[in-house]
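Peer 1: Structure file protein-v3.cif, mmCIF, C-alpha atoms, is pasted below:
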```
data_data
#
loop_
_atom_site.label_atom_id
_atom_site.label_comp_id
_atom_site.auth_asym_id
_atom_site.auth_seq_id
_atom_site.Cartn_x
_atom_site.Cartn_y
_atom_site.Cartn_z
CA MET A 27 -25.49 -1.52 16.56
CA THR A 28 -22.37 0.67 16.49
CA CYS A 29 -20.51 2.37 13.64
CA TYR A 30 -16.86 2.99 14.47
CA LEU A 31 -14.95 5.81 12.78
CA TYR A 32 -11.14 6.08 12.75
CA ASP A 33 -8.45 8.22 11.09
CA GLY A 34 -7.59 5.92 8.18
CA THR A 35 -4.24 4.69 9.55
CA PHE A 36 -3.30 1.08 10.27
CA GLU A 37 -2.70 2.01 13.92
CA GLY A 38 -6.19 3.53 13.92
CA VAL A 39 -7.94 0.39 12.69
CA LEU A 40 -5.93 -1.74 15.16
CA THR A 41 -7.15 0.55 17.94
CA VAL A 42 -10.75 -0.02 16.81
CA LEU A 43 -10.25 -3.79 16.57
CA ALA A 44 -8.84 -3.85 20.11
CA LEU A 45 -11.80 -1.80 21.37
CA VAL A 46 -14.35 -4.03 19.62
CA ARG A 47 -12.69 -7.13 21.02
CA GLU A 48 -12.76 -5.72 24.54
CA ALA A 49 -16.42 -4.69 24.20
CA GLY A 50 -17.33 -8.13 22.85
CA GLU A 51 -19.78 -6.70 20.33
CA GLU A 52 -20.39 -7.05 16.60
CA PRO A 53 -19.98 -3.60 14.98
CA ASN A 54 -22.33 -2.45 12.27
CA SER A 55 -19.43 -0.91 10.35
CA ILE A 56 -15.84 0.33 10.68
CA GLY A 57 -14.64 3.13 8.43
CA THR A 58 -13.29 6.64 8.06
CA THR A 59 -16.72 8.17 7.37
CA ALA A 60 -20.18 7.38 8.65
CA PRO A 61 -22.14 5.06 6.31
CA ALA A 62 -24.95 6.63 4.33
CA GLN A 63 -27.48 4.17 5.79
CA ALA A 64 -26.27 3.60 9.31
CA GLY A 65 -29.75 2.96 10.64
CA LEU A 66 -31.95 5.03 12.89
CA PHE A 67 -30.65 3.60 16.15
CA ALA A 68 -26.99 3.04 15.19
CA ALA A 69 -24.49 4.76 17.48
CA ILE A 70 -21.56 6.59 15.86
CA VAL A 71 -18.32 6.18 17.85
CA ARG A 72 -15.20 8.13 16.84
CA VAL A 73 -12.11 6.30 18.03
CA GLU A 74 -8.89 8.20 18.64
CA THR A 75 -5.79 6.31 17.52
CA ASN A 76 -3.76 4.91 20.39
CA GLU A 77 -0.38 3.68 19.17
CA GLU A 78 0.29 1.82 22.43
CA VAL A 79 -2.93 -0.15 22.13
CA ALA A 80 -2.26 -0.83 18.43
CA GLU A 81 1.28 -2.06 19.11
CA ARG A 82 0.09 -4.25 21.97
CA LEU A 83 -2.59 -5.86 19.77
CA LEU A 84 -0.16 -6.43 16.90
CA ASP A 85 2.32 -8.05 19.30
CA GLU A 86 -0.41 -10.34 20.65
CA ILE A 87 -1.44 -11.33 17.13
CA GLY A 88 2.16 -12.26 16.34
CA ARG A 89 2.48 -14.32 19.53
CA ARG A 90 -0.92 -16.05 19.77
CA LEU A 91 -1.67 -16.43 16.06
CA SER A 92 1.43 -15.92 13.91
CA PRO A 93 3.63 -13.20 12.36
CA ALA A 94 2.10 -14.21 9.01
CA THR A 95 -1.37 -13.32 10.32
CA ALA A 96 -0.13 -9.87 11.31
CA ALA A 97 1.36 -9.45 7.82
CA HIS A 98 -1.90 -10.52 6.14
CA LEU A 99 -3.79 -7.94 8.22
CA TYR A 100 -1.43 -5.15 7.23
CA HIS A 101 -1.22 -6.03 3.55
CA ALA A 102 -5.00 -6.43 3.22
CA PHE A 103 -5.45 -3.03 4.91
CA LEU A 104 -3.16 -1.44 2.31
CA SER A 105 -5.57 -2.51 -0.43
CA GLU A 106 -7.87 0.37 0.62
CA THR A 107 -10.79 -1.72 -0.59
CA GLU A 108 -14.19 -0.53 0.60
CA GLY A 109 -15.24 -2.56 3.64
CA VAL A 110 -11.77 -3.99 4.27
CA GLU A 111 -11.99 -3.06 7.97
CA MET A 112 -14.92 -5.43 8.54
CA HIS A 113 -13.03 -8.17 6.71
CA LEU A 114 -10.13 -7.63 9.12
CA HIS A 115 -12.50 -7.72 12.09
CA ARG A 116 -14.07 -11.05 11.04
CA TYR A 117 -10.66 -12.53 10.21
CA LEU A 118 -9.27 -11.59 13.62
CA ARG A 119 -12.42 -12.67 15.46
CA LEU A 120 -12.06 -16.14 13.94
CA GLY A 121 -8.36 -16.07 14.75
CA TRP A 122 -8.93 -15.70 18.49
CA ARG A 123 -11.02 -18.89 18.33
CA GLU A 124 -8.84 -20.94 15.98
CA GLY A 125 -5.39 -19.80 17.07
CA ARG A 126 -2.40 -20.73 14.92
CA ARG A 127 -4.47 -22.81 12.49
CA LEU A 128 -6.29 -19.67 11.26
CA ASP A 129 -4.32 -19.25 8.03
CA SER A 130 -4.76 -22.90 7.09
CA LEU A 131 -8.54 -22.33 6.79
CA LEU A 132 -8.09 -20.97 3.30
CA SER A 133 -11.66 -21.45 2.10
CA HIS A 134 -13.32 -19.98 5.21
CA GLU A 135 -15.47 -16.95 4.44
CA SER A 136 -13.62 -14.90 7.06
CA VAL A 137 -10.14 -15.89 5.85
CA LEU A 138 -10.41 -15.97 2.06
CA PRO A 139 -11.16 -12.24 1.47
CA VAL A 140 -8.22 -11.13 3.63
CA HIS A 141 -5.81 -13.52 1.93
CA GLN A 142 -7.01 -12.45 -1.52
CA LEU A 143 -6.61 -8.74 -0.76
CA ALA A 144 -3.19 -9.26 0.86
CA ARG A 145 -2.00 -11.31 -2.12
CA ARG A 146 -3.22 -8.63 -4.55
CA VAL A 147 -1.32 -5.92 -2.67
CA ARG A 148 1.90 -7.95 -2.47
CA HIS A 149 1.67 -8.75 -6.18
CA GLU A 150 1.30 -5.09 -7.11
CA ALA A 151 4.12 -4.02 -4.79
CA HIS A 152 6.42 -6.56 -6.45
CA ARG A 153 5.28 -5.56 -9.94
CA MET A 154 5.63 -1.83 -9.36
CA LYS A 155 9.31 -2.20 -8.49
CA GLY A 156 9.88 -2.80 -12.18
CA PHE A 157 7.91 0.30 -13.17
CA VAL A 158 9.89 2.83 -11.11
CA ARG A 159 11.73 5.29 -13.36
CA PHE A 160 13.97 7.65 -11.42
CA ARG A 161 14.68 11.03 -12.99
CA LYS A 162 17.29 13.44 -11.67
CA VAL A 163 15.72 16.81 -10.90
CA ARG A 164 17.41 20.19 -10.92
CA GLU A 165 17.75 20.18 -7.12
CA GLY A 166 20.05 17.15 -7.31
CA PHE A 167 17.92 14.24 -6.08
CA TYR A 168 16.17 11.44 -7.97
CA TYR A 169 12.38 11.52 -8.32
CA ALA A 170 9.95 8.83 -9.51
CA ALA A 171 6.16 9.12 -9.84
CA LEU A 172 3.71 6.22 -9.59
CA GLU A 173 -0.06 5.71 -9.53
CA PRO A 174 -0.58 2.24 -8.03
CA ASP A 175 -4.03 0.77 -7.39
CA HIS A 176 -3.12 0.07 -3.76
CA ARG A 177 -1.08 1.81 -1.08
CA VAL A 178 2.13 -0.10 -1.73
CA LEU A 179 4.90 2.46 -1.10
CA SER A 180 5.77 1.08 2.33
CA LEU A 181 6.21 -2.41 0.85
CA MET A 182 8.45 -1.11 -1.93
CA ALA A 183 10.61 1.15 0.23
CA PRO A 184 12.99 -1.47 1.77
CA HIS A 185 13.97 -2.72 -1.71
CA PHE A 186 15.00 0.73 -2.94
CA ALA A 187 16.52 1.82 0.39
CA ASP A 188 18.84 -1.18 0.15
CA ARG A 189 19.57 -0.93 -3.56
CA PHE A 190 20.11 2.85 -3.72
CA PHE A 191 21.52 3.38 -0.25
CA ASP A 192 24.00 6.04 -1.41
CA GLN A 193 21.47 8.25 -3.24
CA HIS A 194 18.93 10.92 -2.34
CA TRP A 195 15.61 9.82 -3.83
CA VAL A 196 11.83 10.23 -3.64
CA ILE A 197 9.16 7.82 -4.89
CA HIS A 198 5.86 9.65 -5.13
CA ASP A 199 2.36 8.14 -5.18
CA VAL A 200 0.69 11.05 -6.97
CA ARG A 201 -2.80 9.56 -6.60
CA ARG A 202 -2.61 9.59 -2.81
CA ASN A 203 -0.22 12.55 -2.35
CA LEU A 204 2.18 10.30 -0.43
CA ALA A 205 5.90 9.74 -0.92
CA ILE A 206 8.75 7.71 0.51
CA VAL A 207 11.89 9.78 1.01
CA HIS A 208 15.41 8.45 1.44
CA ALA A 209 18.52 10.44 2.31
CA ALA A 210 21.88 9.20 0.99
CA ARG A 211 23.81 6.88 3.32
CA ARG A 212 21.13 6.95 6.01
CA GLU A 213 19.41 3.88 7.34
CA GLY A 214 15.71 3.61 6.66
CA TRP A 215 13.27 5.90 4.89
CA GLU A 216 10.27 8.04 5.74
CA GLU A 217 6.73 8.18 4.37
CA VAL A 218 5.48 11.75 4.07
CA SER A 219 2.59 13.71 2.56
CA LEU A 220 3.58 15.30 -0.73
CA GLU A 221 1.42 17.28 -3.12
CA LEU A 222 3.03 18.80 -6.20
CA THR A 223 2.09 22.30 -7.30
CA GLY A 224 3.94 21.84 -10.59
CA ALA A 225 5.92 19.26 -12.55
CA PRO A 226 9.47 18.66 -11.22
CA VAL A 227 12.13 20.36 -13.36
CA MET A 228 14.59 17.80 -14.73
CA SER A 229 18.32 18.43 -14.96
CA GLU A 230 19.82 18.98 -18.42
CA ARG A 231 21.76 15.72 -18.21
CA GLU A 232 18.57 13.88 -17.29
CA GLU A 233 16.86 15.07 -20.48
CA TRP A 234 19.81 13.73 -22.47
CA PHE A 235 19.69 10.34 -20.71
CA GLN A 236 15.95 10.07 -21.31
CA SER A 237 16.38 10.69 -25.02
CA LEU A 238 19.09 7.99 -25.14
CA TRP A 239 16.82 5.52 -23.34
CA ARG A 240 13.92 6.18 -25.74
CA ARG A 241 16.20 5.71 -28.76
CA TYR A 242 17.52 2.44 -27.29
CA PHE A 243 13.97 1.27 -26.62
CA ASP A 244 12.90 2.07 -30.19
CA ARG A 245 15.96 0.49 -31.82
CA LEU A 246 15.63 -2.65 -29.72
CA ALA A 247 12.10 -3.29 -30.96
CA ILE A 248 11.67 -5.77 -33.82
CA ALA A 249 8.92 -4.46 -36.09
CA ALA A 250 8.03 -7.94 -37.39
CA ARG A 251 7.35 -9.10 -33.83
CA HIS A 252 5.24 -6.13 -32.76
CA ASN A 253 2.56 -7.54 -30.43
CA PRO A 254 0.52 -4.81 -28.65
CA ARG A 255 -1.69 -7.28 -26.77
CA LEU A 256 1.26 -9.10 -25.26
CA GLN A 257 2.97 -5.81 -24.43
CA GLN A 258 -0.14 -4.52 -22.66
CA SER A 259 -0.37 -7.72 -20.59
CA LYS A 260 3.20 -7.15 -19.38
CA VAL A 261 3.04 -3.34 -19.10
CA PRO A 262 -0.60 -2.24 -18.65
CA LEU A 263 -1.64 1.10 -20.12
CA LYS A 264 -2.52 2.46 -16.67
CA TYR A 265 1.17 2.30 -15.64
CA ARG A 266 2.67 3.88 -18.76
CA ARG A 267 2.01 7.50 -17.93
CA HIS A 268 5.18 7.67 -15.81
CA LEU A 269 7.39 5.39 -17.92
CA VAL A 270 10.04 7.29 -19.88
CA GLU A 271 10.10 4.80 -22.76
CA PHE A 272 6.41 5.36 -23.52
#
```
So that I can check it, write out the structure of this file as structure tokens.

Peer 2:
Amino acid sequence: MTCYLYDGTFEGVLTVLALVREAGEEPNSIGTTAPAQAGLFAAIVRVETNEEVAERLLDEIGRRLSPATAAHLYHAFLSETEGVEMHLHRYLRLGWREGRRLDSLLSHESVLPVHQLARRVRHEAHRMKGFVRFRKVREGFYYAALEPDHRVLSLMAPHFADRFFDQHWVIHDVRRNLAIVHAARREGWEEVSLELTGAPVMSEREEWFQSLWRRYFDRLAIAARHNPRLQQSKVPLKYRRHLVEF
């Protein structure tokens, strides 16, 4: 039995999946660290990411299976759920046998977990768009902090790159020390590592706008209709840390 280790990137796991497929073996595990109980005779194989191999495999998945299958793989990977790599391996292994009908086998034990994880990630990415609160910092760009459950920045980025094309902005996943960065009037965006050493300093005008927003939020509330349980179902407590109005 073999335990495959990779660098934690999507290209890295695709490289492993291509290698496993070529070897025609059933891996014991796929992950970024060796399992605690790998077994006495398990071989540990560290796989170096090969972007060419990864791109070739992704292209083949899109052609032989479907673009939707490729999207499910990517979105499920972004869940960062423990053991997701083996779910992807089983899903793809079934896909090579079933072809384009793979994603119609919704109740299959190799399909259901991947679809559930992918759906969870897409749902959070959509939901988090409504929880982004940009604040203008002293240096002149807009900054927003988030702490999503999943690695959803890359799914959110196109929405904000299109909507705020003419602005400099940063959306920061403080839990993972990752950020998407967009420069005004430039196509696209970039995902970078970002670790703060201190809280960003807001501009004076930003402080004024935040106070106005909080006053508006308070005045808008109808005391007689105060319903904390309903409010928490719409805006969970775990997301409120970075919301100005709270």

Peer 1: Write out as JSON, numbers by chain which residues come within 12 Å of A:Thr75 when counting only C-alpha atoms, dropping same-chain ones fewer than 3 positions away.

Peer 2: {"A": [30, 31, 32, 33, 34, 35, 36, 37, 38, 39, 40, 41, 42, 43, 44, 45, 72, 78, 79, 80, 81]}

Peer 1: Kindly resolve the PyMOL selection byres ((chain A and resi 113-119) around 8) on the present coordinates and return the residues as a compact mmCIF listing (two decimals) with C-alpha atoms, in the coordinates of the input.

Peer 2:
```
# COMPACT_ATOMS: atom_id res chain seq x y z
CA LEU A 43 -10.25 -3.79 16.57
CA ARG A 47 -12.69 -7.13 21.02
CA LEU A 99 -3.79 -7.94 8.22
CA ALA A 102 -5.00 -6.43 3.22
CA PHE A 103 -5.45 -3.03 4.91
CA GLY A 109 -15.24 -2.56 3.64
CA VAL A 110 -11.77 -3.99 4.27
CA GLU A 111 -11.99 -3.06 7.97
CA MET A 112 -14.92 -5.43 8.54
CA LEU A 120 -12.06 -16.14 13.94
CA GLY A 121 -8.36 -16.07 14.75
CA TRP A 122 -8.93 -15.70 18.49
CA ARG A 123 -11.02 -18.89 18.33
CA SER A 136 -13.62 -14.90 7.06
CA VAL A 137 -10.14 -15.89 5.85
CA PRO A 139 -11.16 -12.24 1.47
CA VAL A 140 -8.22 -11.13 3.63
```

Peer 1: Take the PyMOL selection byres ((chain A and resi 168-181) around 7), apply it to the structure above, and return the hits as JSON, numbers by chain.

Peer 2: {"A": [104, 105, 106, 147, 151, 158, 159, 160, 161, 162, 163, 166, 167, 182, 183, 184, 194, 195, 196, 197, 198, 199, 200, 201, 206, 268]}

Peer 1: Quick one, how far is atom CA of A:Leu269 from atom CA of A:Arg240?

Peer 2: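 Here the two named atoms are 10.2 Å from each other.
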
Peer 1: Given the file shown, determine the residues that the PyMOL selection byres ((chain A and resi 54) around 6) selects; report them as number ranges by chain.

Peer 2: A: 27-29, 53, 55

Peer 1: Using only C-alpha atoms, which residues sit within 10 Å of A:Glu213 once same-chain residues fewer than 6 positions away are excluded, as a list of chain:residue names?

Peer 2: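 With the cut-off at 10 Å, the set is A:Ala187, A:Asp188, A:Phe191.
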
Peer 1: Which is closer to A:Ala247 than all the others in A:Glu74, A:Glu233, A:Glu271, A:Glu150, using only C-alpha atoms?

Peer 2: A:Glu271

Peer 1: Have a look at atom CA of A:Arg164 and atom CA of A:Ala225 and let me know their distance in Å, one decimal.

Peer 2: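 Distance between the two atoms: 11.6 Å.
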
Peer 1: Atom CA of A:Glu216 and atom CA of A:Asn203, how far apart in Å?

Peer 2: 14.0 Å

Peer 1: Which residue gives the smallest distance to A:Val227 among A:Gln193, A:Asn76, A:Glu86, A:Glu165, with all atoms listed in the file counted?

Peer 2: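 Ranking A:Gln193, A:Asn76, A:Glu86, A:Glu165 by distance to A:Val227, first place goes to A:Glu165.
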
Peer 1: Tell me which of A:Val73, A:Val261, A:Val218, A:Val270 sits closest to A:Trp239, counting only C-alpha atoms.

Peer 2: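 Closest candidate: A:Val270.
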